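Asks: Let me begin by handing over the structure; questions about it come next.
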Amino acid sequence: MAKALAPDVSTWPEENPQLIGSRCNDCAATTWPRQQRCPRCSGADLSDLLLERSGKLVAWTTQGFVPKLPYAGKENADNFEAFGIGLVQLGDDVRVETRLTEGDPAVLRTGMDVELTFVPLYVDDAGEEVVTVAFKPV
Amino acid sequence: MNDVAIIGVGLHPFGRFAKTAIEMGAEAIQLALSDAGVQWKDIQFGFGGSYEVSNPDAVTRLVGLTGIPFTNVFNACATAASSIEQTAEAIRSGRYDIGIAVGMDKHPRGAFTDDPSKLGLPGWYAENGQFVTTKFFGIKTNRYIEEHGISQRTLAKVANKNFRNGALNPNAFRRNPISEDDILNSTMLNYPLTQYMFCSPDEGAAAVIMCRGDLAARYTTKPIYLRSSAIRTRRYGAYEVHSTWAAVDEDVSPTVYASRAAYETAGIDPSDVDVIQLQDTDAGSEVIHMAENGFCKDGEQEKLIAEGATEIGGRLPVNTDGGLIANGEPIGASGIRQVYELVQQLRGNAGDRQVPGNPKVGYAQVYGAPGTAAASILTT
């Protein structure tokens with residue numbers, strides 16, 4: 001049985017999982033993950049908002065080297081494969097910074113449609129697979 | 001309000017050294033004291049900046065235990081800009097006549113990392129590989145060059161120029177020119193930025209001594225005035241280093257706000273500036289910061305850089321000492337290095353790197369996590 005790296009930021013393992021953000025009931029500013037106060041109006045009246053599962057890639061790069069600890073992936077410099085990181089706009093609510101399943105600059109395109117998925121990150125000491133948020137081109 | 005004059009600067013070379021950061025800080029202080037022609041006992045207060053050294057004020061054991069108020073500051077890549085501003089404001093307000101800002105650092109090799117909770121970020125942000133400063137610069141640069149028609153070769157030209165300037169600077173870390181093709185063909189770290197387009201964290205120290213403007217003639221015939229400095233943090237709508245999300249309604253970077261405030265306070269326009277120091281964490285940052293600090297419109301960089309406008313002899317000389325790309329970044333000292341170079345340029349002492357035409361106005365900008373920027377304006 002797999003488990004989520006960050007259980008509180010999404011509805012995974014539900015079917016068709018969604019990211020859980022916070023929306024300000026006064027000014028409609030939206031964050032991901034959830035937070036207690038609004039970053040725009042400083043108000044405290046926020047509600048959970050399930051974010052759309054698909055969106056558009058508004059900016060991206062590739063990660064071409066193994067991130068330093070506390071990165072939890074088990075790759076080393078020899079077997080590491082570059083992965084994409086991007087800013088994905090979900091509806092008119094918010095943009096989330098996220099891993100992308102695609103790491104090839106020749107395939108990634110600003111404005112492309114992407115969809116939420118969960119990808120294996122590492123296997124923990126108990127032998128359980130740990131999955132994390134990513135968006136994949138559709 | 002008093003004017004603030006810079007009367008002495010000192011810089012320990014940047015690179016890798018077999019000594020501690022505090023020892024390098026002490027050397028930078030001695031160089032600044034002799035440049036100003038003052039003694040440590042004349043210094044009434046100090047601000048010290050560092051990331052790796054928890055108590056920069058420990059440097060007083062190496063230069064003199066005179067009992068002065070000495071405050072340590074840390075503000076990420078704006079650390080040195082903060083120590084400079086605090087020192088200047090303490091003189092401007094009339095509290096003190098003469099003081100020092102010093103910065104020192106000794107970073108491990110490779111990209112910066114930390115415990116994400118120290119930046120208010122969830123642990124998973126680092127565990128899944130997003131807590132990497134360089135990837136932010138890749139994302140920002142990639143979007144900018146797409147939107148504004150900047151080529152990847154222009155990024156290579158920026159790095160090439162800074163390595164060439166570094167070769168003229170005896171204090172620089174990287175002193176070997178690297179060709180544009182070698183820069184383009186080096187390892188792709190964060191598309192479109194390759195290895196040689198990035199600066200490296202390294203080691204070094206720098207110090208600047210300031211005094212009340214009306215006292216400057218006691219110490220020097222060529223005082224350089226710090227006309228203004230401004231520090232700003234990110235606003236809602238800005239997408240900055242280390243963010244899990246960004247607003248759909250975009251706002252400009254904190255650099256733009258710091259820059260506008262610095263120009264307004266100084267009563268100086270970008271067109272008045274003769275020599276420029278920008279935060280070139282990477283080649284894309286230098287390109288973007290040219291526009292964010294008012295030196296050109298978005299997209300004009302492609303033509304300006306091709307024409308050589310940002311070279312030492314060009315219309316907009318940028319990073320005449322090689323910038324961060326050639327000097328590396330010891331965080332606590334980096335912004336004082338910028339001021340050190342501007343002071344050399346405005347005094348006409350920059351030797352092989354001297355901007356022609358007796359430059360009179362210098363400009364320095366820093367930017368770093370988690371979306372903090374500073375701008376300073378110096379004049380003869």
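Following the order of the structure tokens, first chain is A, next is B, and so on, with residues numbered from 1 inside each chain and ligands from 1 in the order they appear.
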Would you mind listing, for every residue of stretch 60-92 of chain A within 12 Å of stretch 21-44 of chain A, the two atoms forming the shortest contact and the distance between them in Å to one decimal, using only C-alpha atoms, sorted by chain and ascending residue number, as CSV?

Replies:
residue,atom,partner,partner_atom,distance
A:Val88,CA,A:Trp32,CA,11.7
A:Gln89,CA,A:Trp32,CA,11.6
A:Leu90,CA,A:Thr30,CA,10.6
A:Gly91,CA,A:Thr30,CA,11.4
A:Asp92,CA,A:Thr30,CA,9.6

Asks: Any idea what's packed within 10 Å of stretch 101-105 of chain A, counting only C-alpha atoms, ignoring anything in its chain fewer than 2 positions away? Could you give it as a ChimeraX atom specification?

Replies: /A:60-64,81-85,98-99,107-109,114,116-119,133-137 /B:191-192

Asks: Quick one: write out the picked residues with N, CA and C atoms as a CSV table (one decimal), in the first residue's frame?

Replies:
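Contents of out-v2.csv, freshly written:
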chain,number,residue,atom,x,y,z
A,60,TRP,N,7.9,27.1,-16.5
A,60,TRP,CA,8.5,25.8,-16.1
A,60,TRP,C,10.0,25.9,-16.3
A,61,THR,N,10.7,24.9,-15.7
A,61,THR,CA,12.1,24.6,-15.9
A,61,THR,C,12.3,23.1,-15.7
A,62,THR,N,13.6,22.7,-15.8
A,62,THR,CA,13.9,21.3,-15.4
A,62,THR,C,14.9,21.3,-14.3
A,63,GLN,N,14.8,20.3,-13.5
A,63,GLN,CA,15.8,20.1,-12.4
A,63,GLN,C,16.8,19.1,-12.9
A,64,GLY,N,18.0,19.6,-13.2
A,64,GLY,CA,19.0,18.7,-13.8
A,64,GLY,C,20.0,18.1,-12.9
A,81,GLU,N,17.6,11.2,-13.4
A,81,GLU,CA,17.0,11.8,-14.6
A,81,GLU,C,16.3,13.1,-14.3
A,82,ALA,N,16.6,14.1,-15.1
A,82,ALA,CA,16.0,15.4,-14.9
A,82,ALA,C,14.5,15.3,-14.8
A,83,PHE,N,13.9,16.1,-13.9
A,83,PHE,CA,12.4,16.2,-13.9
A,83,PHE,C,12.0,17.6,-14.1
A,84,GLY,N,10.8,17.8,-14.5
A,84,GLY,CA,10.3,19.2,-14.7
A,84,GLY,C,9.8,19.7,-13.4
A,85,ILE,N,9.8,21.0,-13.3
A,85,ILE,CA,9.1,21.8,-12.2
A,85,ILE,C,8.4,22.9,-12.9
A,98,THR,N,4.9,22.9,-8.7
A,98,THR,CA,4.8,21.4,-8.6
A,98,THR,C,5.8,20.7,-9.5
A,99,ARG,N,6.1,19.5,-9.2
A,99,ARG,CA,6.8,18.6,-10.1
A,99,ARG,C,6.0,18.3,-11.3
A,107,VAL,N,9.7,18.8,-25.0
A,107,VAL,CA,8.3,18.4,-24.9
A,107,VAL,C,7.5,19.4,-24.1
A,108,LEU,N,8.1,20.0,-23.1
A,108,LEU,CA,7.4,21.0,-22.2
A,108,LEU,C,7.1,22.3,-23.0
A,109,ARG,N,5.9,22.8,-22.9
A,109,ARG,CA,5.5,24.0,-23.6
A,109,ARG,C,4.7,24.9,-22.6
A,114,VAL,N,-2.3,20.4,-18.5
A,114,VAL,CA,-1.7,19.4,-17.6
A,114,VAL,C,-2.7,19.0,-16.6
A,116,LEU,N,-3.4,16.7,-12.7
A,116,LEU,CA,-2.9,16.2,-11.5
A,116,LEU,C,-2.7,14.7,-11.5
A,117,THR,N,-1.5,14.3,-11.0
A,117,THR,CA,-1.3,12.8,-10.8
A,117,THR,C,-0.4,12.7,-9.6
A,118,PHE,N,-0.2,11.4,-9.2
A,118,PHE,CA,0.7,11.2,-8.1
A,118,PHE,C,1.8,10.2,-8.6
A,119,VAL,N,3.0,10.5,-8.3
A,119,VAL,CA,4.1,9.7,-8.8
A,119,VAL,C,5.0,9.1,-7.6
A,133,VAL,N,2.9,14.7,-5.3
A,133,VAL,CA,2.1,15.5,-6.3
A,133,VAL,C,2.9,15.7,-7.5
A,134,ALA,N,2.3,15.6,-8.7
A,134,ALA,CA,3.0,16.0,-9.9
A,134,ALA,C,1.9,16.3,-10.9
A,135,PHE,N,2.2,17.0,-12.0
A,135,PHE,CA,1.2,17.3,-13.1
A,135,PHE,C,1.8,16.7,-14.3
A,136,LYS,N,0.9,16.1,-15.1
A,136,LYS,CA,1.4,15.4,-16.4
A,136,LYS,C,0.7,16.1,-17.6
A,137,PRO,N,1.4,16.2,-18.7
A,137,PRO,CA,0.8,16.8,-19.9
A,137,PRO,C,-0.4,15.9,-20.3
B,191,TYR,N,16.8,24.4,-17.0
B,191,TYR,CA,16.6,24.9,-18.3
B,191,TYR,C,16.0,26.3,-18.2
B,192,PRO,N,16.4,27.3,-19.0
B,192,PRO,CA,17.5,27.3,-20.0
B,192,PRO,C,18.9,27.6,-19.4

Asks: Just the helix (DSSP H, G or I) stuff from stretch 173-347 of chain B, please, per backbone DSSP, written as JSON, numbers by chain.

Replies: {"B": [180, 181, 182, 183, 184, 185, 195, 196, 197, 213, 214, 215, 216, 217, 218, 254, 255, 256, 257, 258, 259, 260, 261, 262, 263, 264, 265, 266, 270, 271, 272, 283, 284, 285, 286, 287, 288, 289, 290, 291, 292, 301, 302, 303, 304, 305, 306, 307, 323, 324, 325, 326, 327, 331, 332, 333, 334, 335, 336, 337, 338, 339, 340, 341, 342, 343, 344, 345, 346, 347]}

Asks: Could you please determine the separation between atom CA of B:Phe74 and atom CA of B:Phe47 in Å, to one decimal place?

Replies: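 Atom-to-atom, atom CA of B:Phe74 and atom CA of B:Phe47 are spaced 10.3 Å apart.
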
Asks: Please report as a ChimeraX atom specification which residues of chain B come no farther than 10 Å from chain A, using only C-alpha atoms.

Replies: /B:110-116,122-132,134-144,146,187-195,235-237,239,242-249

Asks: So that I can check the surroundings of B:Ile29, please list as a list in words every protein, DNA and RNA residue that reaches within 8 Å of it, counting only C-alpha atoms and ignoring chain neighbours fewer than 5 positions away.

Replies: Gly10, Val63, Val102, Ala206, Ala207 and Val208 of chain B

Asks: Give me, as a PyMOL selection string, all polymer residues having an atom no more than 8 Å from B:Asp97, counting only C-alpha atoms and skipping those fewer than 4 positions away in the same chain.

Replies: chain B and resi 44+91+211-212

Asks: Running DSSP on the backbone, which parts of stretch 111-304 of chain B land in strand (DSSP E), as JSON, numbers by chain?

Replies: {"B": [188, 189, 190, 193, 194, 203, 204, 205, 206, 207, 208, 209, 210, 211, 212, 224, 225, 226, 227, 228, 229, 230, 231, 232, 233, 245, 246, 275, 276, 277]}

Asks: Just want the 10 Å neighbourhood of B:Pro177, counted on only C-alpha atoms, with same-chain residues fewer than 6 positions away dropped. Output as a list in words.

Replies: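 Non-adjacent residues within range: Ala159, Asn160, Lys161, Asn162, Phe163, Arg164, Asn165, Gly166, Ala167, Leu168 and Ala326 of chain B.
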
Asks: Deliver the residues from the most recent selection as a file, using N, CA and C atoms, as a PDB file, in the first residue's frame.

Replies:
ATOM      1  N   ALA B 159      27.114  35.727 -19.155  1.00  0.00           N
ATOM      2  CA  ALA B 159      28.073  34.986 -18.336  1.00  0.00           C
ATOM      3  C   ALA B 159      29.489  35.198 -18.870  1.00  0.00           C
ATOM      4  N   ASN B 160      29.637  35.167 -20.178  1.00  0.00           N
ATOM      5  CA  ASN B 160      30.953  35.371 -20.807  1.00  0.00           C
ATOM      6  C   ASN B 160      31.525  36.740 -20.436  1.00  0.00           C
ATOM      7  N   LYS B 161      30.679  37.763 -20.479  1.00  0.00           N
ATOM      8  CA  LYS B 161      31.112  39.120 -20.108  1.00  0.00           C
ATOM      9  C   LYS B 161      31.558  39.162 -18.640  1.00  0.00           C
ATOM     10  N   ASN B 162      30.802  38.525 -17.773  1.00  0.00           N
ATOM     11  CA  ASN B 162      31.157  38.577 -16.354  1.00  0.00           C
ATOM     12  C   ASN B 162      32.444  37.798 -16.059  1.00  0.00           C
ATOM     13  N   PHE B 163      32.652  36.681 -16.750  1.00  0.00           N
ATOM     14  CA  PHE B 163      33.933  35.971 -16.580  1.00  0.00           C
ATOM     15  C   PHE B 163      35.086  36.831 -17.105  1.00  0.00           C
ATOM     16  N   ARG B 164      34.875  37.526 -18.222  1.00  0.00           N
ATOM     17  CA  ARG B 164      35.940  38.404 -18.751  1.00  0.00           C
ATOM     18  C   ARG B 164      36.234  39.534 -17.771  1.00  0.00           C
ATOM     19  N   ASN B 165      35.188  40.130 -17.196  1.00  0.00           N
ATOM     20  CA  ASN B 165      35.417  41.180 -16.201  1.00  0.00           C
ATOM     21  C   ASN B 165      36.124  40.616 -14.969  1.00  0.00           C
ATOM     22  N   GLY B 166      35.764  39.397 -14.589  1.00  0.00           N
ATOM     23  CA  GLY B 166      36.408  38.758 -13.445  1.00  0.00           C
ATOM     24  C   GLY B 166      37.897  38.551 -13.683  1.00  0.00           C
ATOM     25  N   ALA B 167      38.252  38.268 -14.941  1.00  0.00           N
ATOM     26  CA  ALA B 167      39.668  38.070 -15.270  1.00  0.00           C
ATOM     27  C   ALA B 167      40.467  39.349 -15.033  1.00  0.00           C
ATOM     28  N   LEU B 168      39.793  40.507 -15.052  1.00  0.00           N
ATOM     29  CA  LEU B 168      40.462  41.795 -14.809  1.00  0.00           C
ATOM     30  C   LEU B 168      40.476  42.161 -13.328  1.00  0.00           C
ATOM     31  N   ALA B 326      31.392  35.753 -11.522  1.00  0.00           N
ATOM     32  CA  ALA B 326      32.852  35.592 -11.409  1.00  0.00           C
ATOM     33  C   ALA B 326      33.339  35.624  -9.967  1.00  0.00           C
TER      34      ALA B 326
END

Asks: Which neighbours of A:Val138 fall inside 9 Å, counting only C-alpha atoms, when residues of the same chain fewer than 6 positions from it are skipped, and could you give them as a count of residues only?

Replies: 4

Asks: One decimal, in Å: what's the spacing between atom CA of B:Asp57 and atom CA of B:Ala369?

Replies: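 Taking atom CA of B:Asp57 as the start and atom CA of B:Ala369 as the end point, the length is 23.8 Å.
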
Asks: Neighbouring residues of B:Ile6 were defined as those with any atom within 9 Å, considering only C-alpha atoms; residues of the same chain fewer than 4 positions away were excluded. Please report them as number ranges by chain.

Replies: B: 36, 208-213, 216, 223-226, 343
